[in-house]
>>> print(open('run-v3.cif').read())   # mmCIF, C-alpha atoms and all ligand atoms
data_coords
#
loop_
_atom_site.label_atom_id
_atom_site.label_comp_id
_atom_site.auth_asym_id
_atom_site.auth_seq_id
_atom_site.Cartn_x
_atom_site.Cartn_y
_atom_site.Cartn_z
CA MET N 5 -13.01 -40.25 3.54
CA LYS N 6 -16.75 -39.72 3.38
CA PHE N 7 -19.36 -41.59 1.42
CA PHE N 8 -22.21 -39.85 -0.35
CA SER N 9 -25.52 -41.15 -1.64
CA LEU N 10 -25.82 -41.50 -5.41
CA ASN N 11 -29.35 -40.10 -5.10
CA LYS N 12 -27.75 -36.94 -3.69
CA GLU N 13 -30.54 -36.24 -1.20
CA ALA N 14 -28.84 -37.57 1.93
CA ALA N 15 -25.97 -36.36 4.09
CA ASP N 16 -22.42 -37.66 3.67
CA VAL N 17 -21.48 -40.40 6.13
CA SER N 18 -18.38 -42.15 7.43
CA PHE N 19 -17.46 -45.69 6.33
CA LYS N 20 -18.86 -46.95 9.62
CA GLU N 21 -22.24 -45.32 9.09
CA ALA N 22 -22.37 -46.46 5.46
CA VAL N 23 -21.77 -50.05 6.58
CA ILE N 24 -24.33 -49.94 9.37
CA LYS N 25 -26.99 -48.23 7.25
CA GLY N 26 -26.32 -50.31 4.11
CA ILE N 27 -28.35 -47.96 1.94
CA ALA N 28 -28.76 -44.17 2.34
CA PRO N 29 -32.00 -42.68 3.73
CA ASP N 30 -32.80 -41.37 0.23
CA LYS N 31 -32.53 -44.98 -1.03
CA GLY N 32 -29.31 -44.19 -2.89
CA LEU N 33 -26.22 -46.38 -2.90
CA TYR N 34 -23.23 -45.03 -1.03
CA PHE N 35 -20.15 -44.11 -3.06
CA PRO N 36 -16.74 -42.77 -1.96
CA ARG N 37 -16.43 -38.97 -2.18
CA GLU N 38 -13.03 -39.30 -3.77
CA ILE N 39 -10.74 -42.03 -5.04
CA LYS N 40 -7.09 -41.11 -4.68
CA PRO N 41 -4.86 -43.06 -7.07
CA LEU N 42 -2.09 -45.12 -5.50
CA SER N 43 1.46 -44.05 -6.30
CA ALA N 44 3.17 -45.12 -9.53
CA SER N 45 5.81 -46.88 -7.42
CA PHE N 46 3.10 -49.04 -5.81
CA PHE N 47 2.34 -50.56 -9.21
CA GLU N 48 5.99 -50.62 -10.28
CA ASN N 49 6.99 -52.62 -7.23
CA ILE N 50 3.78 -54.56 -6.64
CA GLU N 51 5.58 -57.91 -6.99
CA ASP N 52 7.55 -57.09 -3.83
CA LEU N 53 4.39 -56.71 -1.75
CA THR N 54 2.43 -59.48 -0.05
CA ASP N 55 -1.28 -59.83 -0.82
CA HIS N 56 -2.02 -58.49 2.67
CA GLU N 57 0.08 -55.39 2.03
CA ILE N 58 -1.59 -54.80 -1.34
CA ALA N 59 -5.05 -55.15 0.19
CA PHE N 60 -4.20 -52.78 3.03
CA LYS N 61 -2.87 -50.08 0.69
CA ALA N 62 -5.86 -50.43 -1.63
CA ILE N 63 -8.63 -50.15 0.96
CA GLU N 64 -6.98 -47.94 3.58
CA GLN N 65 -8.18 -44.58 2.23
CA PHE N 66 -11.81 -45.73 2.23
CA VAL N 67 -11.98 -47.04 5.78
CA SER N 68 -9.23 -45.33 7.81
CA GLU N 69 -11.61 -42.80 9.37
CA SER N 70 -13.55 -45.65 10.99
CA ILE N 71 -11.03 -48.44 11.54
CA PRO N 72 -7.54 -47.92 13.01
CA GLU N 73 -4.55 -49.21 11.05
CA ASN N 74 -3.77 -52.14 13.34
CA LYS N 75 -7.35 -53.34 13.40
CA LEU N 76 -7.61 -53.06 9.62
CA LYS N 77 -4.45 -55.15 9.19
CA GLU N 78 -5.85 -57.74 11.58
CA ILE N 79 -9.12 -57.89 9.62
CA ILE N 80 -7.29 -58.26 6.30
CA ASN N 81 -5.14 -61.07 7.70
CA SER N 82 -8.10 -63.07 8.83
CA VAL N 83 -10.21 -62.42 5.71
CA LEU N 84 -7.46 -63.30 3.22
CA ASP N 85 -6.34 -66.69 4.46
CA PHE N 86 -6.74 -68.63 1.21
CA PRO N 87 -5.12 -68.35 -2.24
CA PHE N 88 -6.34 -66.70 -5.46
CA PRO N 89 -4.60 -68.73 -8.18
CA VAL N 90 -4.34 -67.60 -11.79
CA ILE N 91 -4.26 -70.60 -14.12
CA GLU N 92 -3.15 -70.15 -17.70
CA LEU N 93 -5.24 -72.24 -20.10
CA GLU N 94 -3.67 -71.06 -23.33
CA ASN N 95 -1.30 -68.37 -24.56
CA ASN N 96 -3.55 -65.44 -23.92
CA VAL N 97 -6.30 -66.91 -21.76
CA ALA N 98 -6.12 -67.43 -18.02
CA THR N 99 -8.70 -68.05 -15.32
CA LEU N 100 -8.65 -66.42 -11.93
CA GLU N 101 -9.95 -68.89 -9.35
CA LEU N 102 -11.92 -67.09 -6.68
CA PHE N 103 -13.45 -70.17 -5.10
CA HIS N 104 -10.89 -71.26 -2.54
CA GLY N 105 -12.70 -69.70 0.41
CA PRO N 106 -14.96 -71.46 2.92
CA THR N 107 -18.14 -71.40 0.79
CA MET N 108 -16.33 -71.87 -2.51
CA ALA N 109 -17.55 -68.72 -4.26
CA PHE N 110 -15.94 -65.32 -4.57
CA LYS N 111 -18.31 -63.64 -2.13
CA ASP N 112 -16.43 -65.01 0.88
CA VAL N 113 -13.97 -62.12 0.86
CA GLY N 114 -16.59 -59.37 0.92
CA ALA N 115 -18.84 -61.20 3.36
CA ARG N 116 -16.03 -61.91 5.81
CA PHE N 117 -14.69 -58.39 5.55
CA MET N 118 -18.10 -56.94 6.29
CA ALA N 119 -18.68 -59.33 9.20
CA HIS N 120 -15.37 -58.30 10.81
CA CYS N 121 -16.18 -54.62 10.33
CA LEU N 122 -19.63 -54.97 11.90
CA GLU N 123 -18.23 -56.97 14.78
CA TYR N 124 -15.71 -54.21 15.41
CA PHE N 125 -18.36 -51.49 15.15
CA SER N 126 -20.76 -53.30 17.45
CA GLU N 127 -18.20 -53.41 20.26
CA ASP N 128 -19.37 -50.00 21.46
CA HIS N 129 -23.05 -50.69 20.74
CA SER N 130 -25.46 -52.28 23.12
CA SER N 131 -28.05 -52.78 20.41
CA GLU N 132 -28.06 -55.64 17.98
CA VAL N 133 -27.75 -55.25 14.21
CA THR N 134 -29.91 -57.41 11.96
CA VAL N 135 -28.39 -58.19 8.60
CA LEU N 136 -31.10 -58.78 6.03
CA VAL N 137 -29.94 -60.21 2.75
CA ALA N 138 -31.48 -61.50 -0.46
CA THR N 139 -29.55 -64.16 -2.34
CA SER N 140 -29.77 -65.61 -5.82
CA GLY N 141 -27.42 -68.36 -4.74
CA ASP N 142 -24.00 -67.66 -3.33
CA THR N 143 -24.36 -64.48 -1.30
CA GLY N 144 -26.41 -66.24 1.34
CA GLY N 145 -23.86 -68.97 1.94
CA ALA N 146 -20.95 -66.55 2.09
CA VAL N 147 -22.82 -64.21 4.44
CA ALA N 148 -24.03 -67.06 6.65
CA ASN N 149 -20.51 -68.44 6.92
CA GLY N 150 -18.84 -65.05 7.39
CA PHE N 151 -21.28 -63.95 10.10
CA LEU N 152 -21.71 -67.25 11.92
CA GLY N 153 -21.26 -66.67 15.62
CA VAL N 154 -20.45 -62.96 15.23
CA LYS N 155 -21.55 -61.23 18.40
CA GLY N 156 -24.19 -58.52 18.18
CA VAL N 157 -25.32 -59.52 14.70
CA LYS N 158 -28.36 -61.53 13.61
CA VAL N 159 -28.58 -62.66 10.00
CA VAL N 160 -31.78 -63.25 8.05
CA ILE N 161 -31.38 -64.63 4.53
CA LEU N 162 -34.09 -64.65 1.86
CA TYR N 163 -33.70 -67.02 -1.07
CA PRO N 164 -35.99 -68.01 -3.95
CA GLY N 165 -37.45 -71.47 -3.29
CA GLY N 166 -36.43 -74.10 -5.85
CA LYS N 167 -34.08 -71.72 -7.65
CA VAL N 168 -30.82 -72.35 -5.84
CA SER N 169 -28.72 -75.52 -6.04
CA ASP N 170 -28.91 -78.16 -3.33
CA ILE N 171 -25.43 -77.32 -2.07
CA GLN N 172 -26.22 -73.60 -2.03
CA GLU N 173 -29.40 -74.27 -0.03
CA ARG N 174 -27.50 -76.39 2.47
CA GLN N 175 -24.95 -73.62 2.96
CA LEU N 176 -27.77 -71.31 4.05
CA THR N 177 -29.96 -73.64 6.01
CA THR N 178 -27.67 -75.89 8.02
CA LEU N 179 -25.65 -73.49 10.15
CA GLY N 180 -28.13 -72.37 12.82
CA GLN N 181 -26.96 -70.11 15.68
CA ASN N 182 -27.46 -66.45 14.63
CA ILE N 183 -28.40 -67.39 11.04
CA THR N 184 -32.00 -67.86 9.82
CA ALA N 185 -32.98 -68.83 6.27
CA LEU N 186 -36.32 -67.77 4.79
CA GLU N 187 -37.42 -69.61 1.67
CA VAL N 188 -39.44 -67.23 -0.47
CA ASN N 189 -42.17 -68.44 -2.77
CA GLY N 190 -40.96 -66.31 -5.72
CA ASN N 191 -37.85 -65.36 -7.69
CA PHE N 192 -34.70 -63.46 -6.71
CA ASP N 193 -36.20 -60.08 -7.60
CA ASP N 194 -39.08 -60.80 -5.20
CA CYS N 195 -36.53 -61.48 -2.47
CA GLN N 196 -34.57 -58.33 -3.29
CA ASN N 197 -37.76 -56.26 -3.34
CA MET N 198 -38.83 -57.55 0.09
CA VAL N 199 -35.44 -56.56 1.47
CA LYS N 200 -35.68 -53.11 -0.08
CA THR N 201 -39.21 -52.66 1.30
CA ALA N 202 -38.01 -53.63 4.78
CA PHE N 203 -35.27 -51.00 4.68
CA LEU N 204 -37.87 -48.33 3.99
CA ASP N 205 -40.37 -49.54 6.59
CA SER N 206 -40.33 -46.96 9.37
CA GLU N 207 -42.08 -49.25 11.84
CA LEU N 208 -39.37 -51.87 11.41
CA LYS N 209 -36.64 -49.26 11.53
CA SER N 210 -37.90 -47.97 14.86
CA GLU N 211 -37.74 -51.51 16.27
CA MET N 212 -34.35 -52.64 14.98
CA GLN N 213 -31.13 -51.61 13.28
CA LEU N 214 -31.37 -53.25 9.87
CA THR N 215 -28.54 -53.43 7.37
CA SER N 216 -27.90 -55.21 4.08
CA ALA N 217 -25.09 -57.59 3.20
CA ASN N 218 -25.64 -57.47 -0.54
CA SER N 219 -23.03 -55.74 -2.66
CA ILE N 220 -25.08 -52.60 -2.03
CA ASN N 221 -23.13 -52.51 1.23
CA VAL N 222 -19.75 -50.81 0.78
CA ALA N 223 -18.01 -53.28 3.11
CA ARG N 224 -19.17 -56.19 0.95
CA TRP N 225 -18.44 -54.46 -2.31
CA LEU N 226 -15.09 -52.66 -2.00
CA PRO N 227 -12.80 -55.54 -0.87
CA GLN N 228 -13.54 -57.27 -4.16
CA MET N 229 -11.09 -54.90 -5.81
CA PHE N 230 -8.29 -56.97 -4.24
CA TYR N 231 -8.73 -59.76 -6.79
CA PHE N 232 -7.80 -57.53 -9.70
CA LEU N 233 -4.71 -56.18 -7.97
CA PHE N 234 -3.50 -59.66 -6.97
CA THR N 235 -3.91 -60.83 -10.56
CA TYR N 236 -1.97 -57.90 -11.94
CA LYS N 237 0.87 -58.73 -9.56
CA LYS N 238 0.99 -62.27 -10.98
CA LEU N 239 0.72 -61.30 -14.66
CA LYS N 240 2.73 -58.10 -14.73
CA ASN N 241 5.91 -59.79 -15.93
CA LYS N 242 4.15 -60.83 -19.14
CA GLY N 243 4.19 -57.18 -20.16
CA ARG N 244 0.80 -57.51 -21.87
CA SER N 245 -2.36 -55.42 -21.72
CA ILE N 246 -4.89 -57.22 -19.53
CA VAL N 247 -8.65 -57.46 -19.92
CA PHE N 248 -10.90 -59.01 -17.31
CA SER N 249 -14.07 -60.86 -18.20
CA VAL N 250 -16.31 -60.83 -15.15
CA PRO N 251 -19.42 -63.03 -14.92
CA SER N 252 -21.90 -60.44 -13.71
CA GLY N 253 -25.23 -60.39 -11.92
CA ASN N 254 -25.55 -57.40 -9.63
CA PHE N 255 -22.34 -55.96 -11.13
CA GLY N 256 -20.63 -55.50 -7.76
CA ASN N 257 -17.51 -57.50 -8.58
CA ILE N 258 -16.85 -55.80 -11.91
CA CYS N 259 -17.53 -52.38 -10.38
CA ALA N 260 -14.96 -53.13 -7.66
CA GLY N 261 -12.51 -53.94 -10.47
CA MET N 262 -13.18 -50.52 -11.91
CA ILE N 263 -12.39 -48.95 -8.54
CA ALA N 264 -9.02 -50.75 -8.70
CA GLN N 265 -8.58 -49.25 -12.15
CA LYS N 266 -9.31 -45.80 -10.69
CA LEU N 267 -6.58 -46.47 -8.13
CA GLY N 268 -4.23 -46.78 -11.10
CA LEU N 269 -4.36 -50.48 -11.94
CA PRO N 270 -3.52 -50.92 -15.62
CA VAL N 271 -6.58 -52.67 -17.13
CA ALA N 272 -7.14 -52.36 -20.87
CA HIS N 273 -10.84 -53.19 -20.81
CA PHE N 274 -13.59 -54.91 -18.83
CA ILE N 275 -16.02 -57.44 -20.23
CA ALA N 276 -19.27 -57.87 -18.34
CA SER N 277 -20.47 -61.35 -19.25
CA THR N 278 -24.05 -62.24 -18.40
CA ASN N 279 -26.53 -65.06 -18.92
CA VAL N 280 -29.85 -64.28 -20.65
CA ASN N 281 -30.57 -61.72 -17.95
CA ASP N 282 -29.22 -59.13 -20.35
CA THR N 283 -30.29 -55.73 -19.02
CA VAL N 284 -26.75 -54.35 -19.26
CA PRO N 285 -25.77 -55.89 -22.63
CA GLN N 286 -29.01 -54.39 -23.97
CA TYR N 287 -28.16 -51.04 -22.42
CA MET N 288 -24.75 -51.09 -24.12
CA LEU N 289 -26.53 -51.61 -27.44
CA THR N 290 -29.43 -49.21 -27.05
CA GLN N 291 -28.36 -46.76 -24.31
CA GLU N 292 -31.74 -47.50 -22.71
CA TYR N 293 -31.69 -49.00 -19.26
CA SER N 294 -34.80 -51.13 -18.89
CA PRO N 295 -34.83 -53.51 -15.94
CA LYS N 296 -36.56 -56.82 -16.59
CA ILE N 297 -38.00 -59.65 -14.55
CA SER N 298 -35.20 -62.10 -13.89
CA LYS N 299 -35.18 -65.47 -15.64
CA ALA N 300 -33.88 -68.67 -14.04
CA THR N 301 -30.69 -70.05 -15.63
CA ILE N 302 -27.96 -72.60 -14.86
CA SER N 303 -25.72 -69.71 -13.73
CA ASN N 304 -28.22 -68.74 -11.06
CA ALA N 305 -26.03 -66.33 -9.08
CA MET N 306 -26.35 -64.01 -12.07
CA ASP N 307 -30.14 -64.21 -12.43
CA VAL N 308 -30.65 -60.51 -11.86
CA GLY N 309 -32.98 -58.34 -13.92
CA ASP N 310 -32.08 -54.99 -12.37
CA PRO N 311 -28.40 -55.03 -11.36
CA SER N 312 -28.06 -52.83 -8.30
CA ASN N 313 -24.44 -51.74 -8.85
CA PHE N 314 -24.80 -50.57 -12.42
CA ILE N 315 -25.63 -47.11 -11.14
CA ARG N 316 -22.21 -47.04 -9.44
CA ILE N 317 -20.55 -47.91 -12.75
CA ARG N 318 -22.45 -45.20 -14.58
CA HIS N 319 -21.39 -42.73 -11.92
CA LEU N 320 -17.73 -43.76 -12.27
CA PHE N 321 -17.97 -42.69 -15.89
CA GLU N 322 -19.90 -39.54 -15.07
CA ASN N 323 -22.93 -40.92 -16.87
CA ASP N 324 -21.06 -40.45 -20.13
CA PHE N 325 -22.00 -43.33 -22.40
CA GLU N 326 -19.09 -42.89 -24.77
CA ASN N 327 -16.56 -43.03 -21.96
CA LEU N 328 -18.27 -46.03 -20.46
CA SER N 329 -18.37 -47.94 -23.73
CA LYS N 330 -14.64 -47.40 -24.25
CA ASN N 331 -13.96 -49.22 -21.00
CA ILE N 332 -16.56 -51.96 -20.95
CA SER N 333 -18.16 -54.40 -23.34
CA SER N 334 -21.06 -56.57 -22.31
CA TYR N 335 -22.33 -59.79 -23.85
CA SER N 336 -25.03 -62.26 -22.88
CA PHE N 337 -25.11 -66.02 -23.41
CA THR N 338 -27.78 -68.71 -23.29
CA ASP N 339 -27.68 -71.82 -21.13
CA LYS N 340 -27.05 -73.87 -24.26
CA GLU N 341 -23.95 -71.81 -25.11
CA THR N 342 -22.84 -72.03 -21.48
CA ARG N 343 -23.03 -75.83 -21.50
CA GLU N 344 -21.13 -75.97 -24.81
CA ALA N 345 -18.44 -73.76 -23.27
CA LEU N 346 -18.21 -76.00 -20.16
CA LEU N 347 -17.62 -78.97 -22.43
CA LYS N 348 -15.14 -77.14 -24.65
CA ILE N 349 -13.11 -75.94 -21.66
CA TYR N 350 -13.05 -79.49 -20.37
CA ASN N 351 -12.08 -81.03 -23.71
CA ASP N 352 -9.52 -78.42 -24.73
CA TYR N 353 -7.78 -77.80 -21.41
CA SER N 354 -8.92 -80.65 -19.13
CA TYR N 355 -10.23 -77.90 -16.89
CA VAL N 356 -13.56 -78.14 -15.08
CA ALA N 357 -15.27 -74.75 -14.99
CA ASP N 358 -18.56 -73.86 -13.36
CA PRO N 359 -21.45 -72.31 -15.34
CA HIS N 360 -20.56 -68.75 -14.20
CA GLY N 361 -16.92 -69.14 -15.18
CA ALA N 362 -18.05 -70.60 -18.51
CA VAL N 363 -20.09 -67.45 -19.17
CA GLY N 364 -16.97 -65.40 -18.38
CA TYR N 365 -14.95 -67.54 -20.79
CA LEU N 366 -17.52 -66.98 -23.55
CA GLY N 367 -17.41 -63.21 -23.06
CA LEU N 368 -13.64 -63.19 -23.19
CA LYS N 369 -13.52 -65.30 -26.37
CA LYS N 370 -16.06 -63.05 -28.03
CA TYR N 371 -14.02 -59.96 -27.20
CA GLN N 372 -10.78 -61.57 -28.34
CA LYS N 373 -12.28 -62.26 -31.77
CA THR N 374 -11.71 -58.60 -32.57
CA ASN N 375 -8.92 -57.95 -30.03
CA SER N 376 -6.68 -60.95 -30.52
CA ASP N 377 -3.52 -59.32 -29.15
CA ILE N 378 -4.90 -58.87 -25.68
CA TYR N 379 -4.25 -61.04 -22.62
CA GLY N 380 -7.55 -62.10 -21.12
CA VAL N 381 -8.46 -63.27 -17.64
CA PHE N 382 -11.90 -64.69 -16.96
CA LEU N 383 -13.02 -64.99 -13.37
CA GLU N 384 -14.00 -68.40 -12.03
CA THR N 385 -16.42 -67.14 -9.43
CA ALA N 386 -17.54 -70.47 -7.98
CA HIS N 387 -16.24 -74.01 -7.59
CA PRO N 388 -17.90 -76.39 -10.12
CA VAL N 389 -19.03 -78.61 -7.27
CA LYS N 390 -21.58 -75.95 -6.28
CA PHE N 391 -23.38 -76.71 -9.55
CA LEU N 392 -22.80 -80.45 -9.44
CA ASP N 393 -25.76 -81.67 -11.50
CA VAL N 394 -25.26 -79.28 -14.40
CA VAL N 395 -21.50 -79.75 -14.55
CA GLU N 396 -21.47 -83.55 -14.23
CA GLU N 397 -24.24 -83.93 -16.76
CA THR N 398 -22.52 -81.61 -19.26
CA ILE N 399 -18.99 -82.99 -19.14
CA GLY N 400 -20.09 -86.58 -18.49
CA LYS N 401 -17.78 -87.07 -15.55
CA LYS N 402 -18.21 -87.30 -11.78
CA ILE N 403 -16.61 -84.58 -9.68
CA ASP N 404 -15.29 -85.38 -6.23
CA LEU N 405 -16.94 -83.57 -3.33
CA PRO N 406 -14.43 -81.56 -1.32
CA GLU N 407 -14.48 -82.53 2.33
CA LYS N 408 -16.06 -79.32 3.59
CA ILE N 409 -19.01 -79.89 1.24
CA ALA N 410 -19.35 -83.60 1.96
CA LYS N 411 -19.72 -82.88 5.68
CA MET N 412 -22.50 -80.40 5.05
CA MET N 413 -24.52 -82.82 2.94
CA THR N 414 -25.48 -84.85 5.98
CA LYS N 415 -26.84 -81.92 7.99
CA LYS N 416 -30.54 -81.10 8.18
CA LYS N 417 -31.94 -78.08 6.34
CA ASN N 418 -33.77 -75.59 8.56
CA LYS N 419 -35.86 -72.92 6.89
CA ILE N 420 -39.03 -70.89 7.26
CA GLN N 421 -41.27 -70.49 4.22
CA ILE N 422 -42.77 -67.12 3.37
CA SER N 423 -44.69 -65.70 0.41
CA THR N 424 -45.32 -62.04 1.20
CA TYR N 425 -43.63 -59.00 2.66
CA GLU N 426 -46.15 -59.04 5.52
CA GLU N 427 -44.89 -62.46 6.55
CA LEU N 428 -41.29 -61.24 6.50
CA LYS N 429 -42.21 -58.25 8.65
CA LYS N 430 -44.11 -60.39 11.11
CA TYR N 431 -41.11 -62.67 11.42
CA LEU N 432 -38.68 -59.78 11.98
CA LEU N 433 -40.89 -58.10 14.58
CA ALA N 434 -41.33 -61.36 16.48
CA THR N 435 -37.60 -62.01 16.84
C1 LIG N 501 -22.64 -63.36 -7.07
C2 LIG N 501 -22.03 -64.16 -8.15
C3 LIG N 501 -21.80 -63.60 -9.42
C4 LIG N 501 -22.22 -62.20 -9.76
O1 LIG N 501 -21.48 -61.24 -9.09
P1 LIG N 501 -21.97 -59.71 -9.03
O2 LIG N 501 -21.01 -59.01 -8.19
O3 LIG N 501 -23.36 -59.74 -8.43
O4 LIG N 501 -22.02 -59.24 -10.45
C5 LIG N 501 -21.17 -64.38 -10.36
N1 LIG N 501 -20.82 -65.66 -10.10
C6 LIG N 501 -21.03 -66.23 -8.90
C7 LIG N 501 -20.65 -67.65 -8.70
C8 LIG N 501 -21.64 -65.50 -7.89
O5 LIG N 501 -21.85 -66.09 -6.71
#
>>> encode(input="run-v3.cif", output="structure tokens")
Amino acid sequence: MKFFSLNKEAADVSFKEAVIKGIAPDKGLYFPREIKPLSASFFENIEDLTDHEIAFKAIEQFVSESIPENKLKEIINSVLDFPFPVIELENNVATLELFHGPTMAFKDVGARFMAHCLEYFSEDHSSEVTVLVATSGDTGGAVANGFLGVKGVKVVILYPGGKVSDIQERQLTTLGQNITALEVNGNFDDCQNMVKTAFLDSELKSEMQLTSANSINVARWLPQMFYFLFTYKKLKNKGRSIVFSVPSGNFGNICAGMIAQKLGLPVAHFIASTNVNDTVPQYMLTQEYSPKISKATISNAMDVGDPSNFIRIRHLFENDFENLSKNISSYSFTDKETREALLKIYNDYSYVADPHGAVGYLGLKKYQKTNSDIYGVFLETAHPVKFLDVVEETIGKKIDLPEKIAKMMTKKKNKIQISTYEELKKYLLAT
């Protein structure tokens, strides 16, 4: 299976090359040449398969040219070593908890998968790969954790100073070893732009092999389709049509869900729920895609003004707006609405959500107003403890720190402050 660039000006590449390059030379995102549906019997008998078997079947066609079957199974076993519970809150509303991994946000699966792939690919390389990644909150922690100690890989993380939570910052800055955190004087878009500039800088490229670990990277992005398949396995016996409400920032997670749908997964509809960074909800209203400067919110991992994966979604629907709008609805919510939802979820179900999950809940409820017969799953993309201040203040209750977080709180933060691209480049060239 080859991957092509969505800008269509670059050669097709293998999975391995797509992972190592991150982005195509024509600046396009890589996308699979074809997506072969899984057999009907796979979905009919999905409850007889383990999560590892489901994951293997789902991703095999995309990576088999570059990773042998045994190695792929080994990678899947070590990536998926925690549960993905689906908790029913009421008759037709459930939450899918994606925060049981080491950094307590859903990005652990993609980050670990990518780290294992790069480690495998670097076995026959003498040269080092530098992973350069911009984070609005959770990516950095997941990438730092997934890549910690991986041989042949250096990781440089850019995050917007003062715009990530204390716990998120500690997850990036306290690990050391092959992980460096750069605190950028700016917002997430500034970080993302610096990373994009670096990938196009021919002087840098001649000095080092740079790759991204944002959901631009196919190894980060594709494994996220597992969540949707695992959930279907759990809910299939209800015999109901399922919709997923996905709290969205760069739209990688929801786009991976749509790949699962292409593989044959029965999904009635997707809801892309956002905070006030509403580029996609606006697009769904006006058919005009106009990226905006991102605004800081209490669901900071979704503070994205120009979602990088939306182009993949548009491609999946052949840039046909009508087709797209049949499959996806998109709504945006303010911080005030998000806090009200956090409180409502707590009062009605005694369930503590995080601000991202609360945005997902709001999107689902809005959709169900006109589609009341449908079974809805909203994704809880992070553990509430990652947004301690907001959550405790809103529900008026203390949350216990899980042990893995408590340990981290005593470690010293190590970071380098930068303001400009020139400073980033100087740092990269000096290392
Ligand atoms: C990254 C992240 C999101 C957004 O996911 P995308 O794939 O970028 O749309 C939502 N919630 C949390 C907690 C995240 O860390």
>>> closest_atom_pairs(input="run-v3.cif", of="stretch 187-271 of chain N", to="stretch 29-49 of chain N", cutoff="9 Å", atoms="all atoms listed in the file", output="JSON lines")
{"residue": "N:Lys200", "atom": "CA", "partner": "N:Lys31", "partner_atom": "CA", "distance": 8.8}
{"residue": "N:Phe203", "atom": "CA", "partner": "N:Lys31", "partner_atom": "CA", "distance": 8.7}
{"residue": "N:Leu204", "atom": "CA", "partner": "N:Lys31", "partner_atom": "CA", "distance": 8.1}
{"residue": "N:Ile220", "atom": "CA", "partner": "N:Leu33", "partner_atom": "CA", "distance": 6.4}
{"residue": "N:Asn221", "atom": "CA", "partner": "N:Tyr34", "partner_atom": "CA", "distance": 7.8}
{"residue": "N:Val222", "atom": "CA", "partner": "N:Tyr34", "partner_atom": "CA", "distance": 7.0}
{"residue": "N:Tyr236", "atom": "CA", "partner": "N:Phe47", "partner_atom": "CA", "distance": 8.9}
{"residue": "N:Lys237", "atom": "CA", "partner": "N:Phe47", "partner_atom": "CA", "distance": 8.3}
{"residue": "N:Ile263", "atom": "CA", "partner": "N:Ile39", "partner_atom": "CA", "distance": 7.9}
{"residue": "N:Ala264", "atom": "CA", "partner": "N:Pro41", "partner_atom": "CA", "distance": 8.9}
{"residue": "N:Gln265", "atom": "CA", "partner": "N:Pro41", "partner_atom": "CA", "distance": 8.8}
{"residue": "N:Lys266", "atom": "CA", "partner": "N:Pro41", "partner_atom": "CA", "distance": 6.4}
{"residue": "N:Leu267", "atom": "CA", "partner": "N:Pro41", "partner_atom": "CA", "distance": 4.0}
{"residue": "N:Gly268", "atom": "CA", "partner": "N:Pro41", "partner_atom": "CA", "distance": 5.5}
{"residue": "N:Leu269", "atom": "CA", "partner": "N:Phe47", "partner_atom": "CA", "distance": 7.2}
{"residue": "N:Pro270", "atom": "CA", "partner": "N:Phe47", "partner_atom": "CA", "distance": 8.7}
>>> closest_residue(input="run-v3.cif", among="N:Leu233, N:Ile332, N:Lys419, N:Lys111", to="N:Gly180", atoms="all atoms listed in the file")
N:Lys419
>>> residues_around(input="run-v3.cif", residues="stretch 371-384 of chain N", least_positions_apart="5", cutoff="8 Å", atoms="only C-alpha atoms", output="count of residues only")
25
>>> residues_around(input="run-v3.cif", residues="N:Ser68", least_positions_apart="2", cutoff="12 Å", atoms="only C-alpha atoms", output="list of chain:residue names")
N:Met5, N:Lys6, N:Ser18, N:Phe19, N:Lys20, N:Phe60, N:Lys61, N:Ala62, N:Ile63, N:Glu64, N:Gln65, N:Phe66, N:Ser70, N:Ile71, N:Pro72, N:Glu73, N:Asn74, N:Lys75, N:Leu76, N:Lys77, N:Cys121
>>> axis_aligned_box(input="run-v3.cif", around="ligand LIG 501 (chain N)", padding_each_side="6 Å", output="AutoDock Vina command-line options")
--center_x -22.0 --center_y -63.3 --center_z -8.6 --size_x 14.7 --size_y 20.6 --size_z 15.7
>>> residues_near_ligand(input="run-v3.cif", ligand="ligand LIG 501 (chain N)", cutoff="6 Å", atoms="all atoms listed in the file", output="JSON list (two decimals) with C-alpha atoms, in the coordinates of the input")
[["chain", "number", "residue", "atom", "x", "y", "z"],
["N", 109, "ALA", "CA", -17.55, -68.72, -4.26],
["N", 142, "ASP", "CA", -24.00, -67.66, -3.33],
["N", 251, "PRO", "CA", -19.42, -63.03, -14.92],
["N", 252, "SER", "CA", -21.90, -60.44, -13.71],
["N", 253, "GLY", "CA", -25.23, -60.39, -11.92],
["N", 254, "ASN", "CA", -25.55, -57.40, -9.63],
["N", 255, "PHE", "CA", -22.34, -55.96, -11.13],
["N", 256, "GLY", "CA", -20.63, -55.50, -7.76],
["N", 257, "ASN", "CA", -17.51, -57.50, -8.58],
["N", 305, "ALA", "CA", -26.03, -66.33, -9.08],
["N", 306, "MET", "CA", -26.35, -64.01, -12.07],
["N", 360, "HIS", "CA", -20.56, -68.75, -14.20],
["N", 385, "THR", "CA", -16.42, -67.14, -9.43],
["N", 386, "ALA", "CA", -17.54, -70.47, -7.98]]
>>> atom_distance(input="run-v3.cif", atom1="atom CA of N:Thr342", atom2="atom CA of N:Ala138")
25.0 Å
>>> atom_distance(input="run-v3.cif", atom1="atom CA of N:Val395", atom2="atom CA of N:Val356")
8.1 Å
>>> closest_residue(input="run-v3.cif", among="N:Ile50, N:Leu136, N:Val389, N:Ile420", to="N:Met212", atoms="all atoms listed in the file")
N:Leu136
>>> residues_around(input="run-v3.cif", residues="N:Val159", least_positions_apart="2", cutoff="9 Å", atoms="all atoms listed in the file", output="VMD selection string")
chain N and resid 133 to 137 147 to 148 151 to 152 157 161 182 to 185
